[in-house]
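Source file: structure_8.pdb. Holds: PDB, C-alpha atoms.
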```pdb
ATOM      1  CA  MET A 349     153.176 131.561 -35.217
ATOM      2  CA  SER A 350     156.201 130.333 -37.181
ATOM      3  CA  LEU A 351     159.548 132.125 -37.141
ATOM      4  CA  THR A 352     159.118 132.968 -40.824
ATOM      5  CA  ASN A 353     155.706 134.541 -40.236
ATOM      6  CA  LYS A 354     156.958 136.516 -37.227
ATOM      7  CA  LYS A 355     159.784 137.924 -39.361
ATOM      8  CA  LYS A 356     157.343 138.783 -42.170
ATOM      9  CA  LEU A 357     155.168 140.792 -39.771
ATOM     10  CA  ILE A 358     158.149 142.653 -38.314
ATOM     11  CA  ARG A 359     159.512 143.307 -41.816
ATOM     12  CA  LYS A 360     156.182 144.762 -42.951
ATOM     13  CA  ASP A 361     155.978 146.955 -39.838
ATOM     14  CA  TYR A 362     159.536 148.286 -40.139
ATOM     15  CA  LEU A 363     159.253 148.907 -43.877
ATOM     16  CA  LEU A 364     156.373 151.285 -43.103
ATOM     17  CA  LYS A 365     158.165 152.816 -40.119
ATOM     18  CA  ARG A 366     161.332 153.366 -42.125
ATOM     19  CA  ILE A 367     159.421 155.562 -44.584
ATOM     20  CA  LYS A 368     158.601 157.919 -41.711
ATOM     21  CA  PHE A 369     162.127 157.729 -40.307
ATOM     22  CA  LYS A 370     163.588 158.662 -43.710
ATOM     23  CA  GLU A 371     161.129 161.559 -44.167
ATOM     24  CA  SER A 372     162.038 163.067 -40.787
ATOM     25  CA  PHE A 373     165.793 162.427 -41.082
ATOM     26  CA  THR A 374     167.348 165.895 -41.147
ATOM     27  CA  THR A 375     170.776 167.042 -42.277
ATOM     28  CA  ASN A 376     171.607 167.419 -38.592
ATOM     29  CA  ASN A 377     170.593 163.769 -37.984
ATOM     30  CA  LYS A 378     172.764 162.659 -40.910
ATOM     31  CA  ASN A 379     175.736 164.596 -39.550
ATOM     32  CA  LYS A 380     175.255 163.022 -36.097
ATOM     33  CA  LEU A 381     175.122 159.539 -37.666
ATOM     34  CA  ILE A 382     178.328 160.202 -39.610
ATOM     35  CA  SER A 383     179.970 161.570 -36.463
ATOM     36  CA  ASN A 384     178.958 158.454 -34.508
ATOM     37  CA  LEU A 385     180.357 156.187 -37.225
ATOM     38  CA  LYS A 386     183.650 158.093 -37.238
ATOM     39  CA  LYS A 387     183.764 157.878 -33.426
ATOM     40  CA  LEU A 388     183.268 154.102 -33.557
ATOM     41  CA  LEU A 389     185.872 153.634 -36.290
ATOM     42  CA  LYS A 390     188.422 155.946 -34.661
ATOM     43  CA  LYS A 391     189.677 153.012 -32.578
ATOM     44  CA  ASN A 392     190.108 150.793 -35.652
ATOM     45  CA  HIS A 393     192.960 150.846 -38.142
ATOM     46  CA  PHE A 394     191.454 150.123 -41.534
ATOM     47  CA  LEU A 395     192.451 150.595 -45.150
ATOM     48  CA  SER A 396     189.154 149.666 -46.807
ATOM     49  CA  ILE A 397     185.442 150.021 -46.153
ATOM     50  CA  ALA A 398     182.454 148.613 -48.025
ATOM     51  CA  GLY A 399     178.949 150.000 -47.969
ATOM     52  CA  TYR A 400     175.865 149.448 -50.098
ATOM     53  CA  TYR A 401     173.889 151.203 -52.783
ATOM     54  CA  PRO A 402     170.769 152.470 -50.965
ATOM     55  CA  ILE A 403     167.425 151.018 -51.997
ATOM     56  CA  GLY A 404     164.147 152.727 -51.165
ATOM     57  CA  THR A 405     164.269 154.151 -47.660
ATOM     58  CA  GLU A 406     167.654 152.727 -46.632
ATOM     59  CA  ILE A 407     170.118 155.234 -45.219
ATOM     60  CA  ASP A 408     172.263 156.543 -48.052
ATOM     61  CA  CYS A 409     175.793 155.488 -47.194
ATOM     62  CA  LEU A 410     177.360 156.611 -50.499
ATOM     63  CA  GLU A 411     178.165 160.008 -48.998
ATOM     64  CA  ILE A 412     179.828 158.241 -46.083
ATOM     65  CA  LEU A 413     181.939 156.195 -48.481
ATOM     66  CA  GLU A 414     182.915 159.391 -50.325
ATOM     67  CA  ILE A 415     184.142 160.925 -47.032
ATOM     68  CA  PHE A 416     186.440 157.916 -46.539
ATOM     69  CA  GLN A 417     187.586 158.041 -50.187
ATOM     70  CA  LYS A 418     188.813 161.605 -49.595
ATOM     71  CA  LYS A 419     190.933 160.244 -46.718
ATOM     72  CA  GLY A 420     192.577 157.686 -49.020
ATOM     73  CA  ILE A 421     190.532 154.717 -47.787
ATOM     74  CA  ILE A 422     189.565 152.143 -50.435
ATOM     75  CA  THR A 423     185.775 151.908 -50.763
ATOM     76  CA  ALA A 424     183.594 149.171 -52.206
ATOM     77  CA  LEU A 425     180.021 148.232 -53.021
ATOM     78  CA  PRO A 426     178.487 144.741 -53.035
ATOM     79  CA  PHE A 427     177.795 142.705 -56.140
ATOM     80  CA  VAL A 428     175.275 139.907 -55.621
ATOM     81  CA  LYS A 429     176.439 136.884 -57.619
ATOM     82  CA  GLN A 430     174.231 134.175 -59.143
ATOM     83  CA  ASN A 431     174.759 132.005 -56.052
ATOM     84  CA  ASN A 432     173.163 134.791 -53.924
ATOM     85  CA  CYS A 433     176.440 135.612 -52.182
ATOM     86  CA  ILE A 434     178.199 138.953 -52.187
ATOM     87  CA  GLU A 435     181.560 139.959 -53.528
ATOM     88  CA  PHE A 436     182.747 143.494 -52.822
ATOM     89  CA  ARG A 437     183.959 145.535 -55.769
ATOM     90  CA  GLU A 438     186.142 148.585 -55.368
ATOM     91  CA  TRP A 439     184.119 151.750 -56.000
ATOM     92  CA  LYS A 440     184.880 155.425 -56.557
ATOM     93  CA  LYS A 441     182.265 158.155 -56.932
ATOM     94  CA  HIS A 442     182.401 158.467 -60.722
ATOM     95  CA  ASP A 443     182.800 154.770 -61.570
ATOM     96  CA  ILE A 444     180.402 153.250 -64.076
ATOM     97  CA  LEU A 445     177.718 151.166 -62.384
ATOM     98  CA  ILE A 446     175.805 148.180 -63.753
ATOM     99  CA  GLU A 447     172.949 146.210 -62.207
ATOM    100  CA  ASP A 448     173.596 142.949 -60.372
ATOM    101  CA  PHE A 449     171.201 139.975 -60.401
ATOM    102  CA  TYR A 450     168.780 141.873 -58.141
ATOM    103  CA  GLY A 451     168.886 145.060 -60.198
ATOM    104  CA  ILE A 452     171.036 146.877 -57.642
ATOM    105  CA  PRO A 453     173.689 149.249 -59.034
ATOM    106  CA  THR A 454     177.217 147.975 -58.538
ATOM    107  CA  PRO A 455     180.644 148.811 -60.004
ATOM    108  CA  LYS A 456     181.162 147.531 -63.538
ATOM    109  CA  LYS A 457     184.891 147.011 -62.922
ATOM    110  CA  ARG A 458     185.506 143.722 -61.160
ATOM    111  CA  LEU A 459     188.211 144.813 -58.729
ATOM    112  CA  ILE A 460     187.299 142.516 -55.834
ATOM    113  CA  ILE A 461     188.425 143.381 -52.307
ATOM    114  CA  VAL A 462     187.980 141.933 -48.846
ATOM    115  CA  PRO A 463     187.068 145.058 -46.857
ATOM    116  CA  ASP A 464     188.288 145.724 -43.336
ATOM    117  CA  ILE A 465     184.890 147.266 -42.491
ATOM    118  CA  ILE A 466     181.496 146.312 -43.954
ATOM    119  CA  ILE A 467     178.555 148.691 -43.508
ATOM    120  CA  VAL A 468     175.358 146.644 -43.605
ATOM    121  CA  PRO A 469     171.817 147.848 -44.401
ATOM    122  CA  LEU A 470     168.891 146.676 -42.270
ATOM    123  CA  LEU A 471     165.185 147.031 -41.581
ATOM    124  CA  ALA A 472     165.416 146.461 -37.831
ATOM    125  CA  PHE A 473     167.987 145.458 -35.228
ATOM    126  CA  ASP A 474     167.926 144.418 -31.584
ATOM    127  CA  LYS A 475     170.139 144.937 -28.541
ATOM    128  CA  MET A 476     171.831 141.578 -29.111
ATOM    129  CA  GLY A 477     173.223 142.644 -32.510
ATOM    130  CA  PHE A 478     170.840 140.726 -34.747
ATOM    131  CA  ARG A 479     169.426 142.433 -37.815
ATOM    132  CA  LEU A 480     166.421 141.908 -40.002
ATOM    133  CA  GLY A 481     166.851 142.556 -43.717
ATOM    134  CA  PHE A 482     164.551 142.089 -46.687
ATOM    135  CA  GLY A 483     164.400 138.339 -46.138
ATOM    136  CA  SER A 484     166.505 136.987 -48.986
ATOM    137  CA  GLY A 485     169.322 135.950 -46.639
ATOM    138  CA  ILE A 486     172.038 137.391 -48.872
ATOM    139  CA  TYR A 487     173.902 139.145 -46.060
ATOM    140  CA  ASP A 488     173.391 136.271 -43.598
ATOM    141  CA  ARG A 489     174.879 133.898 -46.191
ATOM    142  CA  SER A 490     177.696 136.236 -47.232
ATOM    143  CA  LEU A 491     178.989 137.840 -44.026
ATOM    144  CA  PRO A 492     180.517 134.623 -42.603
ATOM    145  CA  ASN A 493     182.797 134.625 -45.676
ATOM    146  CA  PHE A 494     184.373 137.844 -44.389
ATOM    147  CA  SER A 495     185.568 136.653 -40.989
ATOM    148  CA  GLU A 496     188.296 139.297 -40.701
ATOM    149  CA  SER A 497     185.969 142.190 -41.588
ATOM    150  CA  LYS A 498     184.162 144.220 -38.923
ATOM    151  CA  LYS A 499     180.407 144.295 -39.677
ATOM    152  CA  ILE A 500     178.524 147.447 -38.729
ATOM    153  CA  GLY A 501     174.835 148.137 -39.279
ATOM    154  CA  LEU A 502     173.656 151.609 -40.289
ATOM    155  CA  ALA A 503     170.198 152.528 -39.006
ATOM    156  CA  PHE A 504     167.752 155.204 -38.015
ATOM    157  CA  SER A 505     167.387 155.176 -34.214
ATOM    158  CA  GLY A 506     163.746 154.096 -34.573
ATOM    159  CA  GLN A 507     164.818 150.844 -36.199
ATOM    160  CA  LEU A 508     165.799 149.400 -32.827
ATOM    161  CA  ASN A 509     163.375 146.602 -31.940
ATOM    162  CA  LYS A 510     163.472 146.724 -28.136
ATOM    163  CA  ARG A 511     161.616 143.415 -27.756
ATOM    164  CA  GLY A 512     164.283 141.516 -29.637
ATOM    165  CA  LEU A 513     164.076 139.919 -33.050
ATOM    166  CA  PRO A 514     163.170 136.315 -33.748
ATOM    167  CA  VAL A 515     166.375 134.585 -34.835
ATOM    168  CA  SER A 516     167.381 131.298 -36.366
ATOM    169  CA  GLU A 517     170.719 129.535 -36.553
ATOM    170  CA  PHE A 518     171.294 131.206 -39.951
ATOM    171  CA  ASP A 519     170.910 134.808 -38.731
ATOM    172  CA  TYR A 520     174.239 136.609 -38.587
ATOM    173  CA  LYS A 521     175.061 138.879 -35.664
ATOM    174  CA  LEU A 522     176.612 142.306 -36.284
ATOM    175  CA  GLU A 523     179.483 143.705 -34.231
ATOM    176  CA  ALA A 524     177.957 147.159 -33.960
ATOM    177  CA  VAL A 525     175.076 149.349 -35.154
ATOM    178  CA  VAL A 526     175.364 153.109 -35.568
ATOM    179  CA  THR A 527     172.392 155.493 -35.496
ATOM    180  CA  GLU A 528     172.093 159.255 -35.288
ATOM    181  CA  LYS A 529     171.552 158.925 -31.520
ATOM    182  CA  ASP A 530     173.662 155.966 -30.381
ATOM    183  CA  ILE A 531     176.501 153.580 -31.025
ATOM    184  CA  PHE A 532     175.613 149.988 -30.109
ATOM    185  CA  VAL A 533     178.545 147.587 -29.722
ATOM    186  CA  PHE A 534     177.753 143.893 -29.340
TER     187      PHE A 534
END
```
How does the structure come out when it is put into structure tokens?
Amino acid sequence: MSLTNKKKLIRKDYLLKRIKFKESFTTNNKNKLISNLKKLLKKNHFLSIAGYYPIGTEIDCLEILEIFQKKGIITALPFVKQNNCIEFREWKKHDILIEDFYGIPTPKKRLIIVPDIIIVPLLAFDKMGFRLGFGSGIYDRSLPNFSESKKIGLAFSGQLNKRGLPVSEFDYKLEAVVTEKDIFVF
């Protein structure tokens, strides 16, 4: 089976699994996830953090960004440009949002930042730090452009693929993944 077909099968499986993970994700689980993220970031000095606007069953990281806003940290959301690469736009809770080229809400104001921390969505991840997204390659193409930024995946604990994910030379490795149960540092 080709690498592409293997990824398609895993994607399909984890899209279904993530529905169940989201349904059973309690307030207590969310608080544990936030606590684990804070614990991981405690050792890092950072002035800015970027997240993502949650789609479907992705973990909602907007609340996490709001927590950091209250601490005076600059927050941002991605804007997918026509070339399928991301720029991060500064975001505050009540900012006006528009849709990017994929229909994902993003700040209307074009205040571009290079974040110190980037929180990355995912469908699955493995113990080596590789992630599987929706398959468009936007994050794999974009993350190398942010070499100074720390890249952290946000996941439900059940999104860990213990067998390992099929990877190609274009798949970008994360530096850490945070779940409600664990902190994985790669």
| said: When you look at Val468 in chain A with a cut-off of 8 Å (counting all atoms listed in the file), what residues show up, excluding the ones that are within fewer than 2 positions of it in the same chain? I need them as a PyMOL selection string. | reply: chain A and resi 399-400+466+470+499-502
| request: Step by step: start from the point (183.3, 146.4, -66.8) in the file's coordinates, keep every protein, DNA or RNA residue that has an atom no farther than 9 Å from it, count all atoms listed in the file, and write the set as number ranges by chain. | output: A: 444-446, 455-458
| message | For the provided coordinates, the residues matched by the PyMOL selection byres ((chain A and resi 533) around 12) should be stated as a PyMOL selection string. | response | chain A and resi 384-385+388-389+474-478+498-501+521-527+530-532+534
Take the residues from that selection and put them in a file with C-alpha atoms, as a compact mmCIF listing (two decimals), in the coordinates of the input.
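Result went into selection_10.txt, see below:
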```txt
# COMPACT_ATOMS: atom_id res chain seq x y z
CA ASN A 384 178.96 158.45 -34.51
CA LEU A 385 180.36 156.19 -37.22
CA LEU A 388 183.27 154.10 -33.56
CA LEU A 389 185.87 153.63 -36.29
CA ASP A 474 167.93 144.42 -31.58
CA LYS A 475 170.14 144.94 -28.54
CA MET A 476 171.83 141.58 -29.11
CA GLY A 477 173.22 142.64 -32.51
CA PHE A 478 170.84 140.73 -34.75
CA LYS A 498 184.16 144.22 -38.92
CA LYS A 499 180.41 144.29 -39.68
CA ILE A 500 178.52 147.45 -38.73
CA GLY A 501 174.84 148.14 -39.28
CA LYS A 521 175.06 138.88 -35.66
CA LEU A 522 176.61 142.31 -36.28
CA GLU A 523 179.48 143.71 -34.23
CA ALA A 524 177.96 147.16 -33.96
CA VAL A 525 175.08 149.35 -35.15
CA VAL A 526 175.36 153.11 -35.57
CA THR A 527 172.39 155.49 -35.50
CA ASP A 530 173.66 155.97 -30.38
CA ILE A 531 176.50 153.58 -31.02
CA PHE A 532 175.61 149.99 -30.11
CA PHE A 534 177.75 143.89 -29.34
```
Go through the shown structure with the PyMOL selection byres ((chain A and resi 487) around 8) and write out the matching residues as a short mmCIF file (atom, residue, chain, number, x, y, z; two decimals) with C-alpha atoms, keeping the file's coordinate frame.
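Saved result, expr.cif, follows:
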```cif
data_model
loop_
_atom_site.label_atom_id
_atom_site.label_comp_id
_atom_site.auth_asym_id
_atom_site.auth_seq_id
_atom_site.Cartn_x
_atom_site.Cartn_y
_atom_site.Cartn_z
CA CYS A 433 176.44 135.61 -52.18
CA ILE A 434 178.20 138.95 -52.19
CA GLY A 485 169.32 135.95 -46.64
CA ILE A 486 172.04 137.39 -48.87
CA ASP A 488 173.39 136.27 -43.60
CA ARG A 489 174.88 133.90 -46.19
CA SER A 490 177.70 136.24 -47.23
CA LEU A 491 178.99 137.84 -44.03
CA TYR A 520 174.24 136.61 -38.59
#
```
| Residues in the PyMOL selection byres ((chain A and resi 395-398) around 7), expressed as number ranges by chain | A: 394, 399-400, 421-425, 463-467
Selection above as a file: C-alpha atoms, as a JSON list (two decimals), in the coordinates of the input:
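For reference, part_12.json as written:
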```json
[["chain", "number", "residue", "atom", "x", "y", "z"],
["A", 394, "PHE", "CA", 191.45, 150.12, -41.53],
["A", 399, "GLY", "CA", 178.95, 150.00, -47.97],
["A", 400, "TYR", "CA", 175.86, 149.45, -50.10],
["A", 421, "ILE", "CA", 190.53, 154.72, -47.79],
["A", 422, "ILE", "CA", 189.56, 152.14, -50.44],
["A", 423, "THR", "CA", 185.78, 151.91, -50.76],
["A", 424, "ALA", "CA", 183.59, 149.17, -52.21],
["A", 425, "LEU", "CA", 180.02, 148.23, -53.02],
["A", 463, "PRO", "CA", 187.07, 145.06, -46.86],
["A", 464, "ASP", "CA", 188.29, 145.72, -43.34],
["A", 465, "ILE", "CA", 184.89, 147.27, -42.49],
["A", 466, "ILE", "CA", 181.50, 146.31, -43.95],
["A", 467, "ILE", "CA", 178.56, 148.69, -43.51]]
```
| said: Quick one: residues within 12 Å of Phe373 in chain A, all atoms listed in the file, excluding same-chain residues fewer than 2 positions away - as a PyMOL selection string? | reply: chain A and resi 366-371+375-381+405-408+503-506+527-529
| Contact residues around Leu513 in chain A with only C-alpha atoms at 10 Å, ignoring same-chain residues under 2 positions, as a list in words |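 Near neighbours after the sequence-gap exclusion: Leu351, Lys354, Lys355, Ile358, Ala472, Phe473, Asp474, Lys475, Met476, Gly477, Phe478, Arg479, Leu480, Leu508, Asn509, Lys510, Arg511, Val515 and Ser516 of chain A.
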Just write the chosen residues, C-alpha atoms, as a PDB file, keeping the file's coordinate frame.
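What follows is the written file again-v3.pdb:
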```
ATOM      1  CA  LEU A 351     159.548 132.125 -37.141  1.00  0.00           C
ATOM      2  CA  LYS A 354     156.958 136.516 -37.227  1.00  0.00           C
ATOM      3  CA  LYS A 355     159.784 137.924 -39.361  1.00  0.00           C
ATOM      4  CA  ILE A 358     158.149 142.653 -38.314  1.00  0.00           C
ATOM      5  CA  ALA A 472     165.416 146.461 -37.831  1.00  0.00           C
ATOM      6  CA  PHE A 473     167.987 145.458 -35.228  1.00  0.00           C
ATOM      7  CA  ASP A 474     167.926 144.418 -31.584  1.00  0.00           C
ATOM      8  CA  LYS A 475     170.139 144.937 -28.541  1.00  0.00           C
ATOM      9  CA  MET A 476     171.831 141.578 -29.111  1.00  0.00           C
ATOM     10  CA  GLY A 477     173.223 142.644 -32.510  1.00  0.00           C
ATOM     11  CA  PHE A 478     170.840 140.726 -34.747  1.00  0.00           C
ATOM     12  CA  ARG A 479     169.426 142.433 -37.815  1.00  0.00           C
ATOM     13  CA  LEU A 480     166.421 141.908 -40.002  1.00  0.00           C
ATOM     14  CA  LEU A 508     165.799 149.400 -32.827  1.00  0.00           C
ATOM     15  CA  ASN A 509     163.375 146.602 -31.940  1.00  0.00           C
ATOM     16  CA  LYS A 510     163.472 146.724 -28.136  1.00  0.00           C
ATOM     17  CA  ARG A 511     161.616 143.415 -27.756  1.00  0.00           C
ATOM     18  CA  VAL A 515     166.375 134.585 -34.835  1.00  0.00           C
ATOM     19  CA  SER A 516     167.381 131.298 -36.366  1.00  0.00           C
TER      20      SER A 516
END
```
| Hey, can you check how far CA of Asn392 in chain A sits from CA of Leu459 in chain A? |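 Straight-line distance from CA of Asn392 in chain A to CA of Leu459 in chain A works out to 23.9 Å.
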| said: Between A:Phe518, A:Thr352, A:Ile461, A:Phe427, which residue has the minimum interatomic distance to Glu447 in chain A, considering only C-alpha atoms? | reply: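 Between A:Phe518, A:Thr352, A:Ile461, A:Phe427, the residue approaching Glu447 in chain A most closely is A:Phe427.
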| query | What is the distance between CA of Leu364 in chain A and CA of Leu471 in chain A, in Å to one decimal? | reply |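 These atoms are spaced 9.9 Å apart.
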| remark: In terms of all atoms listed in the file, the residue from A:Gln417, A:Asn353, A:Ser495, A:Thr374 at minimal distance from Glu438 in chain A is A:Gln417
| request: Go ahead and compute the interatomic distance for CA of Pro453 in chain A and CA of Asn493 in chain A, in Å to one decimal. | output: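 That distance, rounded to one decimal, is 21.8 Å.
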| request: Counting all atoms listed in the file, figure out which residue out of A:Ile415, A:Gly404, A:Gln507, A:His393 gets nearest to Asp361 in chain A. | output: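 With all atoms listed in the file as the atom set, the closest residue is A:Gln507.
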Take every atom of range 416-429 of chain A listed in the file, fit an axis-aligned box around them, add 6 Å per side, and give the centre and edge lengths in Å to one decimal as JSON.
```
{"center_x": 183.9, "center_y": 149.2, "center_z": -52.1, "size_x": 29.3, "size_y": 36.7, "size_z": 23.1}
```
| Of the listed residues A:Lys429, A:Gly481, A:Leu363, A:Glu435, that which approaches Phe449 in chain A most closely, counting all atoms listed in the file |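 Of the candidates, the smallest distance to Phe449 in chain A is held by A:Lys429.
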